[in-house]
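Data first, discussion second: the structure below is written as structure tokens.
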Amino acid sequence: MSDRQTFERPLTATFLLHCCACIVPARDRWEWRQEWHSELWYVYRESEALSAFGIWSTCTRFALGAVNDALWLRCNAETPRGFLQSARDCATWLVLLSACTFVVAVVLPGSREALTSMNRPATRNVVSITRAGLISHTAPTIDLDEYEHWNARGGKWFSDVAFYRVTKADITAPFANPAQKTVAVATQSFARILDLEVSPDAAATAATHHCGILLLAPAAHRTQLQPEH
Amino acid sequence: MFSAEGLPSGTVYPAVRRLERDGLIQSQWERGVAAEAEKRPLRKYYNLTPAGRTTLAASQKRYPLLTKLTAEVDA
């Protein structure tokens, strides 16, 4: 009997068998289908003397038995499974892999800060513009003219444009010794884009004295500018 | 097979599979010529293996009532 050879069969029962075949392990599925469709054909032929409902009822009842059979095959696979060949193996492996990845992510230096900053709602819609092939954390990747160009014409693509440049600066604080620190000198829009809070007083003071505002991360403030306890 | 046994299909086929798994019966598809000539699907035939015959004999000895019932069904 070829696969394409078809015989008259009741639709509901045939549909049920097709559904149940999905439960059967793939390697047994073809033969399982052959067995059940063959049996269904004989059941159908034997019930032909019955009424239409009788035929439908007999065949459907027969096909419902396929659920038990398919489940039995699913639960009693004979051959030992190889690595990652069952849903349980895959799920276990994924959980282990996730746990290892999480541990690595926590242990790697700076990764926690990076992950935390990625979770900031403001950074989800931020893109960084650099010149092709140039990635640097210590030098500007576009020059000021290009920034001006983006600032003037980027309005139709971006809601705001900011520029920052990493440099060294002497930092003096009341309770700490003056020291040279790495800071990012940025335009005012930088804080706005990253949703960093700048107090109105500080902004007013900076505007009055034509000077900048120093924004510190809590960790930097705690470790570098506060007196030691 | 389902019609002959008179048991629900969901009972018969898993039982047959267990017997086959345990080596008590073996199955074989019939050749396609007869089925094609009669325009019907292929049949799958099940035979007792030597181990199956031994087990059957032991079961019949242990459960005589079952043997009697089986004989009535066959008749």
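Chain lettering (A, B, ...) mirrors the order of the structure tokens, residue numbering begins at 1 for each chain separately, and ligand numbering begins at 1 in order of display.
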(request) Extract, using only C-alpha atoms, all DNA, RNA and protein residues at most 8 Å from Gly52 (chain B), discarding same-chain residues fewer than 5 positions from it, and format them as a list in words. (result) Gly23, Leu24 and Ile25 of chain B
(request) Check every residue of chain B for an atom within 6 Å of chain A, counting only C-alpha atoms, and provide those that qualify as a VMD selection string. (result) chain B and resid 9 to 10 14 32 41
Writing out the chosen residues with N, CA and C atoms as a PDB file, in the first residue's frame:
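Saved to selection24.pdb:
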ATOM      1  N   SER B   9     -10.762   0.088  21.771  1.00  0.00           N
ATOM      2  CA  SER B   9      -9.503   0.132  21.012  1.00  0.00           C
ATOM      3  C   SER B   9      -8.362   0.686  21.857  1.00  0.00           C
ATOM      4  N   GLY B  10      -8.699   1.590  22.771  1.00  0.00           N
ATOM      5  CA  GLY B  10      -7.661   2.172  23.627  1.00  0.00           C
ATOM      6  C   GLY B  10      -7.084   1.172  24.607  1.00  0.00           C
ATOM      7  N   PRO B  14      -2.598  -0.757  23.155  1.00  0.00           N
ATOM      8  CA  PRO B  14      -1.464  -0.703  24.092  1.00  0.00           C
ATOM      9  C   PRO B  14      -1.093  -2.086  24.626  1.00  0.00           C
ATOM     10  N   GLY B  32       1.717  -6.365  -0.307  1.00  0.00           N
ATOM     11  CA  GLY B  32       0.730  -5.451  -0.885  1.00  0.00           C
ATOM     12  C   GLY B  32      -0.142  -6.006  -1.991  1.00  0.00           C
ATOM     13  N   PRO B  41      -6.794  -1.537   2.713  1.00  0.00           N
ATOM     14  CA  PRO B  41      -5.477  -1.255   3.302  1.00  0.00           C
ATOM     15  C   PRO B  41      -4.786  -2.563   3.715  1.00  0.00           C
TER      16      PRO B  41
END
(message) I need the alpha helix (DSSP H) residues of chain B per DSSP on the backbone, written as a count of residues only.
(response) 47
(request) Fewer than 4 positions away in the same chain doesn't count, so skip those; otherwise give me all residues within 7 Å of region 28-31 of chain B, counting only C-alpha atoms, as a VMD selection string. (result) chain B and resid 42 to 46
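The gap separating CA of Thr14 (chain A) from CA of Thr58 (chain A) is 12.6 Å, in Å to one decimal.
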(request) From the DSSP assignment of the backbone, select every residue of region 13-169 of chain A that is strand (DSSP E or B), and format the answer as a ChimeraX atom specification. (result) /A:164-169
Got time to write the residues from that selection, C-alpha atoms, as a JSON list (two decimals), in the first residue's frame?
[["chain", "number", "residue", "atom", "x", "y", "z"],
["A", 164, "TYR", "CA", 29.68, 63.61, 24.92],
["A", 165, "ARG", "CA", 33.45, 63.41, 25.08],
["A", 166, "VAL", "CA", 35.45, 61.41, 27.59],
["A", 167, "THR", "CA", 38.30, 63.32, 29.16],
["A", 168, "LYS", "CA", 40.35, 63.70, 32.34],
["A", 169, "ALA", "CA", 39.40, 66.38, 34.82]]
(message) Please list as a PyMOL selection string every residue within 8 Å of region 147-163 of chain A, counting only C-alpha atoms and excluding residues in the same chain fewer than 4 positions away.
(response) chain A and resi 142-143+186-190+193
